[in-house]
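Asks: Following this line is coords_10.cif, made up of mmCIF, C-alpha atoms, pLDDT in the B column; chains and numbers go by the auth columns:
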data_final
#
loop_
_atom_site.group_PDB
_atom_site.id
_atom_site.type_symbol
_atom_site.label_atom_id
_atom_site.label_comp_id
_atom_site.label_asym_id
_atom_site.label_seq_id
_atom_site.Cartn_x
_atom_site.Cartn_y
_atom_site.Cartn_z
_atom_site.B_iso_or_equiv
_atom_site.auth_seq_id
_atom_site.auth_asym_id
ATOM 1 C CA MET A 1 0.000 0.000 0.000 84.00 1 P
ATOM 2 C CA ALA A 2 1.365 3.435 -0.910 91.00 2 P
ATOM 3 C CA GLN A 3 2.289 5.777 1.905 94.00 3 P
ATOM 4 C CA ASN A 4 3.556 9.303 2.398 95.00 4 P
ATOM 5 C CA THR A 5 3.971 9.897 6.118 96.00 5 P
ATOM 6 C CA ARG A 6 6.213 10.454 9.108 97.00 6 P
ATOM 7 C CA ILE A 7 6.757 7.638 11.583 97.00 7 P
ATOM 8 C CA THR A 8 7.912 8.021 15.157 97.00 8 P
ATOM 9 C CA VAL A 9 10.689 5.648 16.188 95.00 9 P
ATOM 10 C CA ALA A 10 10.498 5.496 19.964 92.00 10 P
ATOM 11 C CA ALA A 11 13.675 5.863 21.975 88.00 11 P
ATOM 12 C CA GLY A 12 14.985 2.674 23.473 81.00 12 P
ATOM 13 C CA GLY A 13 16.234 0.602 20.571 79.00 13 P
ATOM 14 C CA THR A 14 13.122 -1.326 19.448 88.00 14 P
ATOM 15 C CA TRP A 15 12.913 -1.934 15.697 93.00 15 P
ATOM 16 C CA VAL A 16 9.975 -0.092 14.079 95.00 16 P
ATOM 17 C CA GLN A 17 8.759 -1.039 10.613 96.00 17 P
ATOM 18 C CA LEU A 18 8.774 1.984 8.316 97.00 18 P
ATOM 19 C CA THR A 19 7.125 0.269 5.359 95.00 19 P
ATOM 20 C CA ASN A 20 3.512 -0.845 5.681 92.00 20 P
ATOM 21 C CA ALA A 21 3.766 -3.836 3.311 91.00 21 P
ATOM 22 C CA ASP A 22 6.229 -5.435 0.896 92.00 22 P
ATOM 23 C CA VAL A 23 7.713 -2.576 -1.136 93.00 23 P
ATOM 24 C CA ALA A 24 9.505 -3.251 -4.409 92.00 24 P
ATOM 25 C CA ALA A 25 9.047 0.306 -5.754 92.00 25 P
ATOM 26 C CA ASN A 26 11.468 3.180 -5.342 94.00 26 P
ATOM 27 C CA LEU A 27 11.091 4.945 -2.032 95.00 27 P
ATOM 28 C CA SER A 28 12.246 8.050 -0.260 96.00 28 P
ATOM 29 C CA VAL A 29 13.274 8.055 3.384 97.00 29 P
ATOM 30 C CA MET A 30 14.502 11.029 5.431 96.00 30 P
ATOM 31 C CA LEU A 31 15.310 11.764 9.050 96.00 31 P
ATOM 32 C CA ALA A 32 12.901 14.501 10.151 96.00 32 P
ATOM 33 C CA ASN A 33 14.646 15.445 13.421 93.00 33 P
ATOM 34 C CA ASN A 34 18.139 15.167 14.882 89.00 34 P
ATOM 35 C CA GLN A 35 17.810 11.830 16.692 90.00 35 P
ATOM 36 C CA PRO A 36 20.036 9.360 14.794 90.00 36 P
ATOM 37 C CA VAL A 37 18.530 6.080 13.593 91.00 37 P
ATOM 38 C CA MET A 38 19.903 2.849 12.186 91.00 38 P
ATOM 39 C CA LEU A 39 18.143 1.314 9.197 94.00 39 P
ATOM 40 C CA GLN A 40 17.862 -2.396 8.444 94.00 40 P
ATOM 41 C CA ALA A 41 15.992 -4.344 5.777 95.00 41 P
ATOM 42 C CA THR A 42 14.227 -7.702 5.901 95.00 42 P
ATOM 43 C CA ALA A 43 12.537 -9.910 3.340 94.00 43 P
ATOM 44 C CA ASP A 44 9.349 -10.260 5.404 94.00 44 P
ATOM 45 C CA ALA A 45 7.452 -8.704 8.319 94.00 45 P
ATOM 46 C CA THR A 46 9.748 -10.264 10.940 93.00 46 P
ATOM 47 C CA PRO A 47 11.751 -7.522 12.659 93.00 47 P
ATOM 48 C CA PRO A 48 15.531 -7.689 12.676 91.00 48 P
ATOM 49 C CA THR A 49 16.948 -9.415 15.741 84.00 49 P
ATOM 50 C CA ALA A 50 17.555 -7.235 18.785 69.00 50 P
ATOM 51 C CA ASP A 51 21.319 -7.483 18.385 70.00 51 P
ATOM 52 C CA THR A 52 21.331 -6.661 14.664 73.00 52 P
ATOM 53 C CA LEU A 53 22.983 -3.350 13.913 74.00 53 P
ATOM 54 C CA GLY A 54 21.730 -1.441 10.917 76.00 54 P
ATOM 55 C CA PRO A 55 24.258 -1.103 8.126 83.00 55 P
ATOM 56 C CA LEU A 56 22.894 2.337 7.246 90.00 56 P
ATOM 57 C CA GLU A 57 22.543 5.189 9.700 90.00 57 P
ATOM 58 C CA LEU A 58 20.789 8.533 9.380 92.00 58 P
ATOM 59 C CA LEU A 59 22.575 10.981 11.655 89.00 59 P
ATOM 60 C CA ALA A 60 21.084 14.444 11.208 90.00 60 P
ATOM 61 C CA TYR A 61 17.941 16.182 10.014 93.00 61 P
ATOM 62 C CA GLY A 62 17.567 15.711 6.268 94.00 62 P
ATOM 63 C CA ASP A 63 19.781 12.607 5.958 95.00 63 P
ATOM 64 C CA GLY A 64 18.236 9.928 3.758 95.00 64 P
ATOM 65 C CA TRP A 65 17.753 8.973 0.129 92.00 65 P
ATOM 66 C CA SER A 66 15.184 9.114 -2.622 92.00 66 P
ATOM 67 C CA GLU A 67 14.307 7.067 -5.671 89.00 67 P
ATOM 68 C CA ALA A 68 16.001 3.813 -4.766 94.00 68 P
ATOM 69 C CA THR A 69 14.555 0.450 -3.818 94.00 69 P
ATOM 70 C CA ILE A 70 15.161 -1.214 -0.475 94.00 70 P
ATOM 71 C CA GLU A 71 16.906 -4.064 -2.279 94.00 71 P
ATOM 72 C CA GLU A 72 19.271 -1.591 -3.998 94.00 72 P
ATOM 73 C CA LYS A 73 20.232 -0.055 -0.646 94.00 73 P
ATOM 74 C CA PHE A 74 20.576 -3.423 1.096 93.00 74 P
ATOM 75 C CA PRO A 75 22.117 -5.775 -1.505 92.00 75 P
ATOM 76 C CA GLY A 76 23.231 -8.200 1.207 90.00 76 P
ATOM 77 C CA VAL A 77 19.623 -8.972 2.215 91.00 77 P
ATOM 78 C CA ALA A 78 18.139 -11.337 -0.388 92.00 78 P
ATOM 79 C CA GLY A 79 14.633 -10.242 -1.392 93.00 79 P
ATOM 80 C CA ALA A 80 14.709 -7.155 0.861 93.00 80 P
ATOM 81 C CA ASP A 81 11.314 -5.429 0.735 94.00 81 P
ATOM 82 C CA ARG A 82 10.661 -4.151 4.288 96.00 82 P
ATOM 83 C CA LEU A 83 12.494 -1.262 5.941 96.00 83 P
ATOM 84 C CA TRP A 84 13.019 -0.905 9.698 96.00 84 P
ATOM 85 C CA ALA A 85 14.516 1.760 11.957 94.00 85 P
ATOM 86 C CA ARG A 86 15.622 2.039 15.569 91.00 86 P
ATOM 87 C CA THR A 87 17.264 4.812 17.527 88.00 87 P
ATOM 88 C CA SER A 88 20.942 4.238 16.941 77.00 88 P
ATOM 89 C CA ASN A 89 22.394 5.355 20.228 66.00 89 P
ATOM 90 C CA ALA A 90 20.095 3.297 22.467 53.00 90 P
ATOM 91 C CA ASP A 91 22.850 0.719 22.959 55.00 91 P
ATOM 92 C CA ILE A 92 25.077 3.271 24.677 54.00 92 P
ATOM 93 C CA GLY A 93 22.360 4.745 26.850 53.00 93 P
ATOM 94 C CA LEU A 94 21.736 7.917 24.838 54.00 94 P
ATOM 95 C CA GLY A 95 18.477 6.924 23.157 52.00 95 P
ATOM 96 C CA SER A 96 16.321 9.201 25.291 72.00 96 P
ATOM 97 C CA LYS A 97 14.660 11.051 22.407 87.00 97 P
ATOM 98 C CA ASP A 98 12.244 9.698 19.810 92.00 98 P
ATOM 99 C CA ALA A 99 13.306 9.871 16.178 94.00 99 P
ATOM 100 C CA ILE A 100 10.980 10.903 13.373 96.00 100 P
ATOM 101 C CA VAL A 101 11.450 9.367 9.937 97.00 101 P
ATOM 102 C CA GLY A 102 9.642 10.500 6.793 96.00 102 P
ATOM 103 C CA ILE A 103 8.890 7.803 4.243 96.00 103 P
ATOM 104 C CA SER A 104 7.174 7.873 0.875 95.00 104 P
ATOM 105 C CA HIS A 105 6.653 5.101 -1.657 93.00 105 P
ATOM 106 C CA ALA A 106 4.198 3.759 -4.212 90.00 106 P
ATOM 107 C CA ALA A 107 2.370 0.479 -3.682 77.00 107 P
#
So, in terms of structure tokens, how does the structure I just supplied come out?
Replies:
Amino acid sequence: MAQNTRITVAAGGTWVQLTNADVAANLSVMLANNQPVMLQATADATPPTADTLGPLELLAYGDGWSEATIEEKFPGVAGADRLWARTSNADIGLGSKDAIVGISHAA
């Protein structure tokens, strides 16, 4: 299902799904505040494991990408079509602020 929204990623290091279904289309994703987040992809609706670090990190307001597929950004994840985020500094005790991530994609 297409979406064009902002999603709150609660502080504390829990993975939050940014996509609302399998997404094979190009998408845009952007950090909408200054709370860093890690991004990770999966090939289904199962969240990444708690100890999985995201290979991509958005550090500051405006960081992100547009017009690329999840699979293009995560070539090491076979069939990647779901995108997840978690506050990136939760592991060192600094994840006290929620992150806001903007995401937009076609169905």
Asks: Residues of range 46-71 of chain P that have any atom at most 8 Å from an atom of range 20-37 of chain P: could you tabulate them with the shortest-distance atom pair and the distance in Å to one decimal, using only C-alpha atoms, ordered by chain and increasing number, as JSON lines?
Replies:
{"residue": "P:Glu57", "atom": "CA", "partner": "P:Val37", "partner_atom": "CA", "distance": 5.7}
{"residue": "P:Leu58", "atom": "CA", "partner": "P:Val37", "partner_atom": "CA", "distance": 5.4}
{"residue": "P:Leu59", "atom": "CA", "partner": "P:Pro36", "partner_atom": "CA", "distance": 4.4}
{"residue": "P:Ala60", "atom": "CA", "partner": "P:Asn34", "partner_atom": "CA", "distance": 4.8}
{"residue": "P:Tyr61", "atom": "CA", "partner": "P:Asn33", "partner_atom": "CA", "distance": 4.8}
{"residue": "P:Gly62", "atom": "CA", "partner": "P:Leu31", "partner_atom": "CA", "distance": 5.3}
{"residue": "P:Asp63", "atom": "CA", "partner": "P:Leu31", "partner_atom": "CA", "distance": 5.5}
{"residue": "P:Gly64", "atom": "CA", "partner": "P:Met30", "partner_atom": "CA", "distance": 4.2}
{"residue": "P:Trp65", "atom": "CA", "partner": "P:Ser28", "partner_atom": "CA", "distance": 5.6}
{"residue": "P:Ser66", "atom": "CA", "partner": "P:Ser28", "partner_atom": "CA", "distance": 3.9}
{"residue": "P:Glu67", "atom": "CA", "partner": "P:Asn26", "partner_atom": "CA", "distance": 4.8}
{"residue": "P:Ala68", "atom": "CA", "partner": "P:Asn26", "partner_atom": "CA", "distance": 4.6}
{"residue": "P:Thr69", "atom": "CA", "partner": "P:Asn26", "partner_atom": "CA", "distance": 4.4}
{"residue": "P:Ile70", "atom": "CA", "partner": "P:Ala24", "partner_atom": "CA", "distance": 7.2}
{"residue": "P:Glu71", "atom": "CA", "partner": "P:Ala24", "partner_atom": "CA", "distance": 7.7}
Asks: For the residues in that selection, give me C-alpha atoms as a PDB file, keeping the file's coordinate frame.
Replies:
ATOM      1  CA  GLU P  57      22.543   5.189   9.700  1.00 90.00           C
ATOM      2  CA  LEU P  58      20.789   8.533   9.380  1.00 92.00           C
ATOM      3  CA  LEU P  59      22.575  10.981  11.655  1.00 89.00           C
ATOM      4  CA  ALA P  60      21.084  14.444  11.208  1.00 90.00           C
ATOM      5  CA  TYR P  61      17.941  16.182  10.014  1.00 93.00           C
ATOM      6  CA  GLY P  62      17.567  15.711   6.268  1.00 94.00           C
ATOM      7  CA  ASP P  63      19.781  12.607   5.958  1.00 95.00           C
ATOM      8  CA  GLY P  64      18.236   9.928   3.758  1.00 95.00           C
ATOM      9  CA  TRP P  65      17.753   8.973   0.129  1.00 92.00           C
ATOM     10  CA  SER P  66      15.184   9.114  -2.622  1.00 92.00           C
ATOM     11  CA  GLU P  67      14.307   7.067  -5.671  1.00 89.00           C
ATOM     12  CA  ALA P  68      16.001   3.813  -4.766  1.00 94.00           C
ATOM     13  CA  THR P  69      14.555   0.450  -3.818  1.00 94.00           C
ATOM     14  CA  ILE P  70      15.161  -1.214  -0.475  1.00 94.00           C
ATOM     15  CA  GLU P  71      16.906  -4.064  -2.279  1.00 94.00           C
TER      16      GLU P  71
END
Asks: Expand the PyMOL selection byres ((chain P and resi 4) around 6) into the explicit residue set it covers here, and present it as a PyMOL selection string.
Replies: chain P and resi 3+5+103-104
Asks: With the PyMOL selection byres ((chain P and resi 46-54) around 12) as the selection, what would be picked from this file? Answer as a PyMOL selection string, please.
Replies: chain P and resi 12-19+21-22+36-45+55-58+73-74+76-77+80-91
Asks: Enter the distance from CA of Ala78 in chain P to CA of Arg6 in chain P, in Å, rounded to one decimal.
Replies: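 Atom-to-atom, CA of Ala78 in chain P and CA of Arg6 in chain P are spaced 26.6 Å apart.
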Asks: Using the chain letters and residue numbers of this document, give as a ChimeraX atom specification the residues selected by the PyMOL selection byres ((chain P and resi 7) around 6).
Replies: /P:6,8,100-101
Asks: Take every atom of range 46-54 of chain P listed in the file, pad by 5 Å on each side, and give me the axis-aligned box centre and edge lengths in Å, one decimal, as lines of an AutoDock Vina configuration file.
Replies:
center_x = 16.4
center_y = -5.9
center_z = 14.9
size_x = 23.2
size_y = 18.8
size_z = 17.9
